[in-house]
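Chemist: Next up is a structure, given as structure tokens.
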2 protein chains.
Amino acid sequence: MYDYGPLGFNLRNNIVEVWRDIYKGKEGFMEIDSETINPREVFRASGHLEKFSDYVTYCKECKSPFRADHLLTGLVDNPDILNIESLEKAFAEHGIKCPECGGELGPVEEFNLMFKTQIGPGTSRVGYLRPETAQGIFLNFLNLYRYNREKLPMGVMQTGRGYRNEIAPRQGMIRMREFNMMEVELFIDPEDTAWKGFENIKNEKLTLLPNTGNATVVMTVGRAVDDGIIASQALAYFVYTTKQFLTRLGVDPARLRFRQHLKDEMAHYAVDCWDAEALLSYGWTEITGIAHRGCWDLHRHSEFSGADLSHFKKFDEPREEIVEKVKPDHRALGPKYKQKAKTIATALALINPSDAGPDGITVNVDGENILITPEFYKIEKTVEKMSGERVIPAVIEPSHGLDRIFYTVMEHAYTRKDDYTVLKLKPEVAPIKVGVFPLMEKDGMDILAREICDKVHSYRMEAYYDGAGTIGRRYARMDEVGTPWCITVDYEALEGPKKGTVTLRDRDSTEQKRIKTDDIPHIIEELLAGRPFTDL
Amino acid sequence: MYDYGPLGFNLRNNIVEVWRDIYKGKEGFMEIDSETINPREVFRASGHLEKFSDYVTYCKECKSPFRADHLLTGLVDNPDILNIESLEKAFAEHGIKCPECGGELGPVEEFNLMFKTQIGPGTSRVGYLRPETAQGIFLNFLNLYRYNREKLPMGVMQTGRGYRNEIAPRQGMIRMREFNMMEVELFIDPEDTAWKGFENIKNEKLTLLPNTGNATVVMTVGRAVDDGIIASQALAYFVYTTKQFLTRLGVDPARLRFRQHLKDEMAHYAVDCWDAEALLSYGWTEITGIAHRGCWDLHRHSEFSGADLSHFKKFDEPREEIVEKVKPDHRALGPKYKQKAKTIATALALINPSDAGPDGITVNVDGENILITPEFYKIEKTVEKMSGERVIPAVIEPSHGLDRIFYTVMEHAYTRKDDYTVLKLKPEVAPIKVGVFPLMEKDGMDILAREICDKVHSYRMEAYYDGAGTIGRRYARMDEVGTPWCITVDYEALEGPKKGTVTLRDRDSTEQKRIKTDDIPHIIEELLAGRPFTDL
């Protein structure tokens with residue numbers, strides 16, 4: 001478990017703000033923040049209780065736990081797909097011992113990766129820390145759907161903590177037990193394959209690695225959909241949106257690709273699934289997954305909670321449909337069932353004809369099950385006008401690993417100049433926007449520099465005062481943390497013909513310009529909005 | 001456990017942004033976001049493992065758990081200060097039975113309020129969900145202090161989840177098991193009683209309820225410090241900052257007071273502690289605590305972790321101080337201890353003279369404890385020039401309960417007009433800034449209204465399109481969720497002399513003005529910044 005410190009927090013928060021700008025601002029999606037502890041029932045419905053696990057083995061001597069598949073890395077192909085039996089067999093074959101003490105390993109066991117806790121006193125109410133933020137959106141579906149006036153499409157977003165009780169966390173920020181996510185759940189009509197914004201982006205290019213081959217291809221979004229490579233317009237739109245998002249953050253397009261899940265890698269319910277992968281020093285690493293999850297999520301939650309999570313889809317024109325109905329024969333029922341006849345008739349009329357067996361229909365009357373044989377009813381076909389039908393919405397889910405994106409942004413911005421680091425972060429995400437230095441901490445230069453620093457800070461742009469060391473060293477410090485611009489207050493700022501001006505230095509070009517002190521917040525805002533430094 | 005839905009999320013997030021504007025923007029504090037699960041050791045140091053508990057009793061029949069003191073409400077004065085014995089005695093005296101089934105109650109037990117979990121496989125590593133965000137700041141003190149170039153004062157802020165496994169959560173958002181906090185830890189020199197910004201606010205007024213009496217008094221911040229009612233300038237400054245913060249959010253100043261903790265209510269280490277209390281339908285309720293925690297926190301963490309968490313405080317002038325040192329007698333040590341003599345001499349020189357006993361000093365040499373009797377060393381007094389001394393920083397902590405503040409903002413904004421609610425939220429915190437309505441959804445009015453809505457939204461100001469029902473009903477819907485302004489697109493907006501203008505309606509005055517369509521984002525920005533509607 002890590003935290004990010006003050007600069008890391010700013011960088012991470014700036015990434016979240018770009019995500020908000022895209023999904024909440026541009027796409028108009030709604031944002032929620034649901035609870036992180038949920039009762040067991042939620043994860044029974046989501047499938048995490050059953051499936052969200054890795055295999056562990058403990059050393060019989062030193063009791064150290066190991067992730068079973070990790071012990072077979074390099075010895076067996078794809079050890080992560082082996083089951084308990086195959087793992088134990090492979091251990092025996094390769095003579096695997098405890099890597100810590102050389103002791104014998106115990107049996108392989110399943111280990112659920114959710115953090116478990118108790119809600120309230122006693123042990124009766126088991127809860128788990130959420131392994132993803134998505135479930136909180138599905139749980140809230142009915143409220144959100146009502147808030148959205150029962151219309152589709154509906155986009156809901158959430159950022160926050162996810163938890164995964166890893167057996168062996170590794171690779172720094174890539175696999176942590178407590179991590180941060182940005183998830184979007186887009187609920188759509190499962191039969192509607194068009195997406196409104198698609199026209200605007202269909203000629204944009206994507207670097208794809210489809211699961212039909214081993215080669216990366218560059219093609220337009222439109223072509224990928226037309227050729228059936230990406231399953232739908234909506235999915236393709238959000239694959240492209242993810243590309244826009246990541247490159248805006250500073251992820252290098254040349255080190256970014258979208259890899260389609262292999263058929264046996266995809267969840268059984270998934271229609272299609274693409275991972276945004278970044279090339280890092282760890283190799284190609286998944287940093288975002290964009291999945292077309294079909295109707296699985298709402299279907300499962302509906303099934304486990306008994307709530308109707310369907311959408312009423314109005315037909316363009318009312319349709320005439322042939323409807324079968326059970327029609328009780330009141331004349332026959334009366335003599336046989338006496339006072340109960342009316343209740344039985346009512347119950348019969350509510351039965352779905354498909355539930356009628358060859359022997360008849362069983363109805364429950366006052367707690368008693370009664371078999372009503374076919375002579376007491378008819379099944380009639382009628383033509384009815386239907387204004388619409390109920391469908392379970394499908395889900396498209398762009399799920400971002402915030403920590404992995406953070407790490408990618410850092411690695412792709414990392415450059416060396418002479419003997420120090422220059423972090424070429426995009427200004428929008430840089431944790432500090434402006435360094436402010438007095439040439440020397442005397443004669444009022446320090447006072448003015450502090451005033452400038454406070455002024456910029458009061459505009460909610462991070463400014464950092466530094467009065468220590470040579471100016472070159474102070475520039476280097478700011479370059480190392482990715483600060484795009486530095487202001488220096490010199491003697492000329494205080495008197496002479498250039499009074500009221502300071503120098504502004506650009507990180508990437510190291511060019512300097514003199515600007516008016518009064519213009520500083522305004523100029524920084526413009527530079528942040530994308531005005532080129534050379535244009536000042 | 002609750003969540004806030006899309007509108008609640010926006011309102012809550014806007015509250016956090018105001019907090020950031022004050023502490024991060026104006027005060028220049030740094031923000032972090034630390035992990036929510038911590039190992040047991042952290043809460044041993046913080047004291048939560050020992051003290052963070054309530055008393056519980058279970059019904060022997062139905063097994064329901066009850067918070068013991070709640071069962072005595074109205075029967076005993078201050079049941080929350082009773083211990084196990086007194087609680088059980090009071091149960092017997094008053095014949096308390098299970099409120100659920102009338103069954104007999106079992107013994108009273110201590111119940112720790114932290115959510116417990118296991119970190120990683122096995123049961124050896126116990127972790128807890130943090131009961132407050134503050135500990136994450138103390139744990140990071142050394143890194144933060146270094147980042148701050150080892151200077152005080154240093155302000156660090158954090159917002160995020162807190163967890164409290166309540167026996168009996170109650171009163172909606174007032175006492176939840178999973179809640180949200182905004183905490184600030186200000187580290188100061190414990191001997192420095194002045195605070196830089198104090199001069200600017202000393203004539204401002206506070207409504208105080210000091211622990212010396214039962215009456216509320218209104219007095220200036222300066223007077224409260226001079227009279228010794230509030231313990232220090234820094235504490236008083238942040239009591240006043242809290243007032244500014246809360247009233248800016250819309251907390252009614254007439255329903256806000258600062259109550260000093262009673263002497264026996266205050267933690268033993270606290271120097272002084274004030275609660276901001278709001279008058280709610282629940283009665284006066286604590287929504288923020290502002291505590292001067294002395295040196296307790298860093299002292300404890302230093303003690304339990306062995307890390308030096310002190311600040312080097314430079315004297316204005318170097319001071320001469322008499323220092324005692326152990327001076328080894330090399331001549332005597334040599335003959336007796338041979339090859340070990342040099343190592344023993346080095347070890348002796350590092351010993352604090354106060355650790356020398358009448359029998360001598362025990363030193364550890366190569367794993368062996370050796371008692372060195374007094375004839376082998378002298379304790380010498382020397383005069384040394386000291387440039388400073390090490391002190392453990394004191395902590396001032398404004399700790400905000402975000403959910404309680406949210407609730408207060410809602411209740412204080414709640415008004416009724418005719419037969420519906422008008423939520424008079426401050427525009428800055430309102431979840432939707434602008435409602436946008438076409439007079440009717442036809443003839444292009446709906447298209448223009450959607451364009452305006454998207455435009456405002458793209459400026460990251462929440463806009464909400466509504467085309468359903470009468471305009472009056474749409475105004476009412478927006479009034480109910482506290483939207484300060486509504487725009488209506490009518491026929492005049494599309495043609496005739498007023499083409500290119502729309503009406504803008506003010507929630508509180510219900511006044512309307514015509515403004516240019518192109519000016520909309522700019523005007524909303526100005527109104528948000530405080531420009532009066534009448535001034536347009």
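By order of appearance in the structure tokens: chains A, B, ..., then residues from 1 within every chain, and ligands from 1 in the order shown.
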Output the contact residues of chain A with respect to chain B at a cut-off of 6 Å, based on only C-alpha atoms, as a PyMOL selection string.

Modeler: chain A and resi 3+5-6+9+25-26+30-32+34+116-117+120-121+165+167+457-458+460

Chemist: Set the distance at 9 Å and use only C-alpha atoms: which residues neighbour Ser305 (chain A) once local chain neighbours fewer than 4 positions away are removed? I'd like the list as a list in words.

Modeler: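 Residues near the query, excluding close chain neighbours: Glu41, Val42, Ala45, Arg300 and His301 of chain A.
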
Chemist: Take the residues from that selection and write them out as a PDB file, in the first residue's frame, keeping N, CA, C and O atoms.

Modeler:
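Output below, filename selection-v1.pdb:
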```
ATOM      1  N   GLU A  41     -23.847 -10.463   0.057  1.00  0.00           N
ATOM      2  CA  GLU A  41     -24.836 -10.743  -0.983  1.00  0.00           C
ATOM      3  C   GLU A  41     -24.483 -10.059  -2.309  1.00  0.00           C
ATOM      4  O   GLU A  41     -24.722 -10.601  -3.390  1.00  0.00           O
ATOM      5  N   VAL A  42     -23.925  -8.853  -2.196  1.00  0.00           N
ATOM      6  CA  VAL A  42     -23.577  -8.101  -3.406  1.00  0.00           C
ATOM      7  C   VAL A  42     -22.570  -8.884  -4.249  1.00  0.00           C
ATOM      8  O   VAL A  42     -22.677  -8.953  -5.475  1.00  0.00           O
ATOM      9  N   ALA A  45     -23.926 -11.912  -6.076  1.00  0.00           N
ATOM     10  CA  ALA A  45     -24.549 -11.533  -7.344  1.00  0.00           C
ATOM     11  C   ALA A  45     -23.500 -11.197  -8.401  1.00  0.00           C
ATOM     12  O   ALA A  45     -23.620 -11.580  -9.565  1.00  0.00           O
ATOM     13  N   ARG A 300     -27.709 -10.437 -13.499  1.00  0.00           N
ATOM     14  CA  ARG A 300     -27.324 -11.101 -12.249  1.00  0.00           C
ATOM     15  C   ARG A 300     -27.908 -10.372 -11.029  1.00  0.00           C
ATOM     16  O   ARG A 300     -28.441 -10.999 -10.121  1.00  0.00           O
ATOM     17  N   HIS A 301     -27.775  -9.060 -10.999  1.00  0.00           N
ATOM     18  CA  HIS A 301     -28.280  -8.328  -9.835  1.00  0.00           C
ATOM     19  C   HIS A 301     -29.798  -8.431  -9.749  1.00  0.00           C
ATOM     20  O   HIS A 301     -30.357  -8.459  -8.660  1.00  0.00           O
TER      21      HIS A 301
END
```

Chemist: Taking the chain letters and numbering used in this document, name the residues of region 320-356 of chain A that DSSP puts in strand (DSSP E), as a list in words.

Modeler: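 Filtering region 320-356 of chain A down to strand (DSSP E) leaves Glu320, Glu321, Ile322, Val323, Glu324, Lys325, Val326, Lys327 and Pro328 of chain A.
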
Chemist: How about saving the chosen residues, N, CA and C atoms kept, as a short mmCIF file (atom, residue, chain, number, x, y, z; two decimals), in the first residue's frame?

Modeler:
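Generated output (again.cif):
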```
data_model
loop_
_atom_site.label_atom_id
_atom_site.label_comp_id
_atom_site.auth_asym_id
_atom_site.auth_seq_id
_atom_site.Cartn_x
_atom_site.Cartn_y
_atom_site.Cartn_z
N GLU A 320 -48.62 -4.91 -33.25
CA GLU A 320 -49.63 -5.89 -32.91
C GLU A 320 -48.93 -7.21 -32.69
N GLU A 321 -49.17 -7.80 -31.56
CA GLU A 321 -48.52 -9.07 -31.28
C GLU A 321 -49.55 -10.08 -30.84
N ILE A 322 -49.31 -11.32 -31.19
CA ILE A 322 -50.20 -12.38 -30.76
C ILE A 322 -49.80 -12.78 -29.35
N VAL A 323 -50.77 -12.70 -28.44
CA VAL A 323 -50.50 -12.98 -27.05
C VAL A 323 -51.33 -14.17 -26.61
N GLU A 324 -50.71 -15.08 -25.93
CA GLU A 324 -51.45 -16.21 -25.37
C GLU A 324 -51.84 -15.91 -23.93
N LYS A 325 -53.10 -16.29 -23.61
CA LYS A 325 -53.55 -16.06 -22.24
C LYS A 325 -54.34 -17.25 -21.74
N VAL A 326 -54.25 -17.47 -20.43
CA VAL A 326 -55.07 -18.53 -19.83
C VAL A 326 -56.46 -17.97 -19.56
N LYS A 327 -57.45 -18.62 -20.05
CA LYS A 327 -58.84 -18.16 -19.88
C LYS A 327 -59.60 -19.20 -19.03
N PRO A 328 -59.89 -18.89 -17.77
CA PRO A 328 -60.58 -19.86 -16.90
C PRO A 328 -62.01 -20.12 -17.38
#
```

Chemist: Which residues are close to region 419-423 of chain A, i.e. within 8 Å by only C-alpha atoms, leaving aside same-chain residues fewer than 3 positions away? Reply as a list in words.

Modeler: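 Once the nearby chain positions are removed, what remains is Met410, Ala413, Tyr414, Thr415, Arg416, Ala476, Asp479, Glu480, Val481, Gly482 and Thr483 of chain A.
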
Chemist: Restricting the calculation to only C-alpha atoms: of B:Tyr377, B:Tyr269, B:Trp485, B:Phe533, which residue gets closest to Gly435 (chain B)?

Modeler: B:Trp485

Chemist: Set the distance at 12 Å and use only C-alpha atoms: which residues neighbour Asp264 (chain B) once local chain neighbours fewer than 6 positions away are removed? I'd like the list as a PyMOL selection string.

Modeler: chain B and resi 81+211+270+272-273

Chemist: Keeping only all heavy atoms, write the selected residues to a file as a PDB file, in the first residue's frame.

Modeler:
```pdb
ATOM      1  N   ILE B  81     -20.642   7.737  30.030  1.00  0.00           N
ATOM      2  CA  ILE B  81     -19.368   7.760  30.773  1.00  0.00           C
ATOM      3  C   ILE B  81     -19.259   6.570  31.745  1.00  0.00           C
ATOM      4  O   ILE B  81     -18.274   6.426  32.454  1.00  0.00           O
ATOM      5  CB  ILE B  81     -19.157   9.099  31.545  1.00  0.00           C
ATOM      6  CG1 ILE B  81     -20.287   9.329  32.570  1.00  0.00           C
ATOM      7  CG2 ILE B  81     -19.063  10.285  30.588  1.00  0.00           C
ATOM      8  CD1 ILE B  81     -19.943  10.366  33.620  1.00  0.00           C
ATOM      9  N   ASN B 211     -16.073  26.428  28.324  1.00  0.00           N
ATOM     10  CA  ASN B 211     -16.381  25.382  29.309  1.00  0.00           C
ATOM     11  C   ASN B 211     -16.397  25.894  30.743  1.00  0.00           C
ATOM     12  O   ASN B 211     -16.528  25.117  31.681  1.00  0.00           O
ATOM     13  CB  ASN B 211     -15.437  24.182  29.150  1.00  0.00           C
ATOM     14  CG  ASN B 211     -13.995  24.531  29.457  1.00  0.00           C
ATOM     15  OD1 ASN B 211     -13.705  25.577  30.046  1.00  0.00           O
ATOM     16  ND2 ASN B 211     -13.084  23.659  29.063  1.00  0.00           N
ATOM     17  N   ALA B 270      -4.837  16.809  25.150  1.00  0.00           N
ATOM     18  CA  ALA B 270      -5.261  17.997  24.398  1.00  0.00           C
ATOM     19  C   ALA B 270      -5.008  19.266  25.201  1.00  0.00           C
ATOM     20  O   ALA B 270      -5.232  19.318  26.409  1.00  0.00           O
ATOM     21  CB  ALA B 270      -6.727  17.878  24.020  1.00  0.00           C
ATOM     22  N   ASP B 272      -6.436  22.218  24.134  1.00  0.00           N
ATOM     23  CA  ASP B 272      -7.732  22.896  24.067  1.00  0.00           C
ATOM     24  C   ASP B 272      -8.494  22.295  22.879  1.00  0.00           C
ATOM     25  O   ASP B 272      -7.881  21.799  21.947  1.00  0.00           O
ATOM     26  CB  ASP B 272      -7.520  24.402  23.846  1.00  0.00           C
ATOM     27  CG  ASP B 272      -8.788  25.228  24.095  1.00  0.00           C
ATOM     28  OD1 ASP B 272      -9.798  24.645  24.527  1.00  0.00           O
ATOM     29  OD2 ASP B 272      -8.744  26.454  23.854  1.00  0.00           O
ATOM     30  N   CYS B 273      -9.808  22.321  22.941  1.00  0.00           N
ATOM     31  CA  CYS B 273     -10.582  21.716  21.865  1.00  0.00           C
ATOM     32  C   CYS B 273     -11.945  22.379  21.742  1.00  0.00           C
ATOM     33  O   CYS B 273     -12.639  22.570  22.749  1.00  0.00           O
ATOM     34  CB  CYS B 273     -10.752  20.224  22.149  1.00  0.00           C
ATOM     35  SG  CYS B 273     -11.440  19.343  20.753  1.00  0.00           S
TER      36      CYS B 273
END
```

Chemist: Excluding same-chain residues fewer than 3 positions from Leu82 (chain A), what lies within 12 Å of it counting only C-alpha atoms, as number ranges by chain?

Modeler: A: 54-55, 68-70, 72, 76-79, 85-91, 108

Chemist: Keeping only N, CA, C and O atoms, write the selected residues to a file as a PDB file, in the first residue's frame.

Modeler:
```
ATOM      1  N   ASP A  54      -7.164 -16.410  -6.398  1.00  0.00           N
ATOM      2  CA  ASP A  54      -5.922 -16.961  -6.929  1.00  0.00           C
ATOM      3  C   ASP A  54      -5.610 -18.206  -6.118  1.00  0.00           C
ATOM      4  O   ASP A  54      -6.217 -18.448  -5.075  1.00  0.00           O
ATOM      5  N   TYR A  55      -4.645 -18.992  -6.598  1.00  0.00           N
ATOM      6  CA  TYR A  55      -4.248 -20.183  -5.851  1.00  0.00           C
ATOM      7  C   TYR A  55      -3.023 -19.889  -4.997  1.00  0.00           C
ATOM      8  O   TYR A  55      -2.078 -19.262  -5.450  1.00  0.00           O
ATOM      9  N   ALA A  68       0.612 -19.754  -6.231  1.00  0.00           N
ATOM     10  CA  ALA A  68       1.018 -21.029  -6.813  1.00  0.00           C
ATOM     11  C   ALA A  68       1.552 -20.871  -8.233  1.00  0.00           C
ATOM     12  O   ALA A  68       2.620 -21.398  -8.574  1.00  0.00           O
ATOM     13  N   ASP A  69       0.849 -20.111  -9.077  1.00  0.00           N
ATOM     14  CA  ASP A  69       1.291 -20.014 -10.475  1.00  0.00           C
ATOM     15  C   ASP A  69       2.640 -19.309 -10.604  1.00  0.00           C
ATOM     16  O   ASP A  69       3.420 -19.614 -11.503  1.00  0.00           O
ATOM     17  N   HIS A  70       2.935 -18.375  -9.689  1.00  0.00           N
ATOM     18  CA  HIS A  70       4.219 -17.669  -9.765  1.00  0.00           C
ATOM     19  C   HIS A  70       5.407 -18.614  -9.603  1.00  0.00           C
ATOM     20  O   HIS A  70       6.477 -18.375 -10.142  1.00  0.00           O
ATOM     21  N   LEU A  72       5.759 -21.388 -10.871  1.00  0.00           N
ATOM     22  CA  LEU A  72       5.985 -22.164 -12.096  1.00  0.00           C
ATOM     23  C   LEU A  72       6.390 -21.298 -13.290  1.00  0.00           C
ATOM     24  O   LEU A  72       6.519 -21.805 -14.409  1.00  0.00           O
ATOM     25  N   VAL A  76       6.483 -23.709 -16.923  1.00  0.00           N
ATOM     26  CA  VAL A  76       5.242 -24.164 -17.548  1.00  0.00           C
ATOM     27  C   VAL A  76       4.682 -23.000 -18.355  1.00  0.00           C
ATOM     28  O   VAL A  76       4.820 -21.854 -17.942  1.00  0.00           O
ATOM     29  N   ASP A  77       4.083 -23.300 -19.523  1.00  0.00           N
ATOM     30  CA  ASP A  77       3.437 -22.224 -20.289  1.00  0.00           C
ATOM     31  C   ASP A  77       2.124 -21.835 -19.620  1.00  0.00           C
ATOM     32  O   ASP A  77       1.352 -22.697 -19.197  1.00  0.00           O
ATOM     33  N   ASN A  78       1.860 -20.548 -19.530  1.00  0.00           N
ATOM     34  CA  ASN A  78       0.619 -20.045 -18.950  1.00  0.00           C
ATOM     35  C   ASN A  78       0.227 -20.723 -17.631  1.00  0.00           C
ATOM     36  O   ASN A  78      -0.838 -21.315 -17.524  1.00  0.00           O
ATOM     37  N   PRO A  79       1.078 -20.652 -16.626  1.00  0.00           N
ATOM     38  CA  PRO A  79       0.737 -21.329 -15.364  1.00  0.00           C
ATOM     39  C   PRO A  79      -0.539 -20.752 -14.728  1.00  0.00           C
ATOM     40  O   PRO A  79      -1.168 -21.426 -13.917  1.00  0.00           O
ATOM     41  N   GLU A  85      -5.364 -29.279  -9.263  1.00  0.00           N
ATOM     42  CA  GLU A  85      -4.740 -30.558  -9.583  1.00  0.00           C
ATOM     43  C   GLU A  85      -3.489 -30.398 -10.446  1.00  0.00           C
ATOM     44  O   GLU A  85      -2.432 -30.961 -10.155  1.00  0.00           O
ATOM     45  N   SER A  86      -3.639 -29.622 -11.535  1.00  0.00           N
ATOM     46  CA  SER A  86      -2.522 -29.445 -12.470  1.00  0.00           C
ATOM     47  C   SER A  86      -1.370 -28.708 -11.795  1.00  0.00           C
ATOM     48  O   SER A  86      -0.196 -28.981 -12.081  1.00  0.00           O
ATOM     49  N   LEU A  87      -1.697 -27.761 -10.918  1.00  0.00           N
ATOM     50  CA  LEU A  87      -0.637 -27.031 -10.221  1.00  0.00           C
ATOM     51  C   LEU A  87       0.159 -27.995  -9.349  1.00  0.00           C
ATOM     52  O   LEU A  87       1.397 -28.019  -9.382  1.00  0.00           O
ATOM     53  N   GLU A  88      -0.550 -28.808  -8.570  1.00  0.00           N
ATOM     54  CA  GLU A  88       0.137 -29.742  -7.670  1.00  0.00           C
ATOM     55  C   GLU A  88       0.957 -30.765  -8.451  1.00  0.00           C
ATOM     56  O   GLU A  88       2.063 -31.123  -8.041  1.00  0.00           O
ATOM     57  N   LYS A  89       0.414 -31.187  -9.584  1.00  0.00           N
ATOM     58  CA  LYS A  89       1.135 -32.128 -10.436  1.00  0.00           C
ATOM     59  C   LYS A  89       2.431 -31.483 -10.958  1.00  0.00           C
ATOM     60  O   LYS A  89       3.507 -32.096 -10.920  1.00  0.00           O
ATOM     61  N   ALA A  90       2.309 -30.236 -11.415  1.00  0.00           N
ATOM     62  CA  ALA A  90       3.481 -29.533 -11.950  1.00  0.00           C
ATOM     63  C   ALA A  90       4.526 -29.319 -10.850  1.00  0.00           C
ATOM     64  O   ALA A  90       5.729 -29.404 -11.095  1.00  0.00           O
ATOM     65  N   PHE A  91       4.078 -29.045  -9.610  1.00  0.00           N
ATOM     66  CA  PHE A  91       5.019 -28.884  -8.486  1.00  0.00           C
ATOM     67  C   PHE A  91       5.832 -30.162  -8.294  1.00  0.00           C
ATOM     68  O   PHE A  91       7.048 -30.130  -8.115  1.00  0.00           O
ATOM     69  N   VAL A 108      -2.268 -26.944  -2.585  1.00  0.00           N
ATOM     70  CA  VAL A 108      -2.690 -25.694  -3.224  1.00  0.00           C
ATOM     71  C   VAL A 108      -4.136 -25.408  -2.824  1.00  0.00           C
ATOM     72  O   VAL A 108      -4.985 -26.299  -2.847  1.00  0.00           O
TER      73      VAL A 108
END
```

Chemist: Could you give me, as a VMD selection string, the residues within 12 Å of Glu397 (chain A), counting only C-alpha atoms and dropping anything in the same chain fewer than 6 positions from it?

Modeler: chain A and resid 132 to 135 137 to 138 154 to 158 182 to 188 234 to 239 242 270 to 275 288 to 295 297

Chemist: As a PyMOL selection string, please: every residue in region 69-234 of chain B that a backbone DSSP assignment puts in helix (DSSP H, G or I).

Modeler: chain B and resi 69-72+79-81+84-94+134-139+141-147+172-174+198-201+221-226+233-234

Chemist: How would the residues just chosen look if you wrote them out with C-alpha atoms as a PDB file, in the first residue's frame?

Modeler:
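As written to disk, result_21.pdb reads:
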```pdb
ATOM      1  CA  ASP B  69     -25.361   3.131  27.116  1.00  0.00           C
ATOM      2  CA  HIS B  70     -28.256   3.634  24.685  1.00  0.00           C
ATOM      3  CA  LEU B  71     -30.400   1.273  26.776  1.00  0.00           C
ATOM      4  CA  LEU B  72     -30.089   3.670  29.721  1.00  0.00           C
ATOM      5  CA  PRO B  79     -24.798   6.882  30.502  1.00  0.00           C
ATOM      6  CA  ASP B  80     -21.920   7.193  28.004  1.00  0.00           C
ATOM      7  CA  ILE B  81     -19.368   7.760  30.773  1.00  0.00           C
ATOM      8  CA  ILE B  84     -18.779  -2.091  32.471  1.00  0.00           C
ATOM      9  CA  GLU B  85     -19.542  -2.548  36.155  1.00  0.00           C
ATOM     10  CA  SER B  86     -21.707   0.547  36.445  1.00  0.00           C
ATOM     11  CA  LEU B  87     -23.564  -0.338  33.266  1.00  0.00           C
ATOM     12  CA  GLU B  88     -24.410  -3.822  34.494  1.00  0.00           C
ATOM     13  CA  LYS B  89     -25.415  -2.424  37.873  1.00  0.00           C
ATOM     14  CA  ALA B  90     -27.707   0.120  36.213  1.00  0.00           C
ATOM     15  CA  PHE B  91     -29.265  -2.622  34.034  1.00  0.00           C
ATOM     16  CA  ALA B  92     -30.090  -4.632  37.162  1.00  0.00           C
ATOM     17  CA  GLU B  93     -31.453  -1.590  39.023  1.00  0.00           C
ATOM     18  CA  HIS B  94     -33.725  -0.512  36.198  1.00  0.00           C
ATOM     19  CA  ALA B 134      -5.286  11.971  10.332  1.00  0.00           C
ATOM     20  CA  GLN B 135      -3.086   8.946  11.082  1.00  0.00           C
ATOM     21  CA  GLY B 136      -2.021   8.774   7.432  1.00  0.00           C
ATOM     22  CA  ILE B 137      -0.594  12.260   7.797  1.00  0.00           C
ATOM     23  CA  PHE B 138       1.299  11.417  10.995  1.00  0.00           C
ATOM     24  CA  LEU B 139       2.718   8.253   9.402  1.00  0.00           C
ATOM     25  CA  PHE B 141       5.371  13.098   8.741  1.00  0.00           C
ATOM     26  CA  LEU B 142       9.051  12.539   7.947  1.00  0.00           C
ATOM     27  CA  ASN B 143       8.534  12.575   4.168  1.00  0.00           C
ATOM     28  CA  LEU B 144       6.290  15.601   4.346  1.00  0.00           C
ATOM     29  CA  TYR B 145       8.667  17.428   6.670  1.00  0.00           C
ATOM     30  CA  ARG B 146      11.533  16.777   4.289  1.00  0.00           C
ATOM     31  CA  TYR B 147       9.397  17.929   1.341  1.00  0.00           C
ATOM     32  CA  GLY B 172     -29.235   9.126   8.901  1.00  0.00           C
ATOM     33  CA  MET B 173     -26.095  10.872   7.799  1.00  0.00           C
ATOM     34  CA  ILE B 174     -25.089  11.911  11.322  1.00  0.00           C
ATOM     35  CA  PHE B 198      -3.863  36.467  13.240  1.00  0.00           C
ATOM     36  CA  GLU B 199      -3.650  40.265  12.922  1.00  0.00           C
ATOM     37  CA  ASN B 200      -6.048  40.243   9.941  1.00  0.00           C
ATOM     38  CA  ILE B 201      -8.844  38.455  11.747  1.00  0.00           C
ATOM     39  CA  VAL B 221     -11.109  36.418  18.142  1.00  0.00           C
ATOM     40  CA  GLY B 222      -8.494  38.734  19.659  1.00  0.00           C
ATOM     41  CA  ARG B 223     -10.374  39.067  22.928  1.00  0.00           C
ATOM     42  CA  ALA B 224     -10.904  35.295  23.164  1.00  0.00           C
ATOM     43  CA  VAL B 225      -7.137  34.773  22.986  1.00  0.00           C
ATOM     44  CA  ASP B 226      -6.228  37.689  25.256  1.00  0.00           C
ATOM     45  CA  GLN B 233      -3.532  32.402  18.269  1.00  0.00           C
ATOM     46  CA  ALA B 234      -3.153  29.520  15.830  1.00  0.00           C
TER      47      ALA B 234
END
```

Chemist: Please measure the separation of CA of Ile361 (chain B) and CA of Gln339 (chain B), giving the value in Å to one decimal.

Modeler: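 Spanning CA of Ile361 (chain B) to CA of Gln339 (chain B) is a straight-line distance of 19.1 Å.
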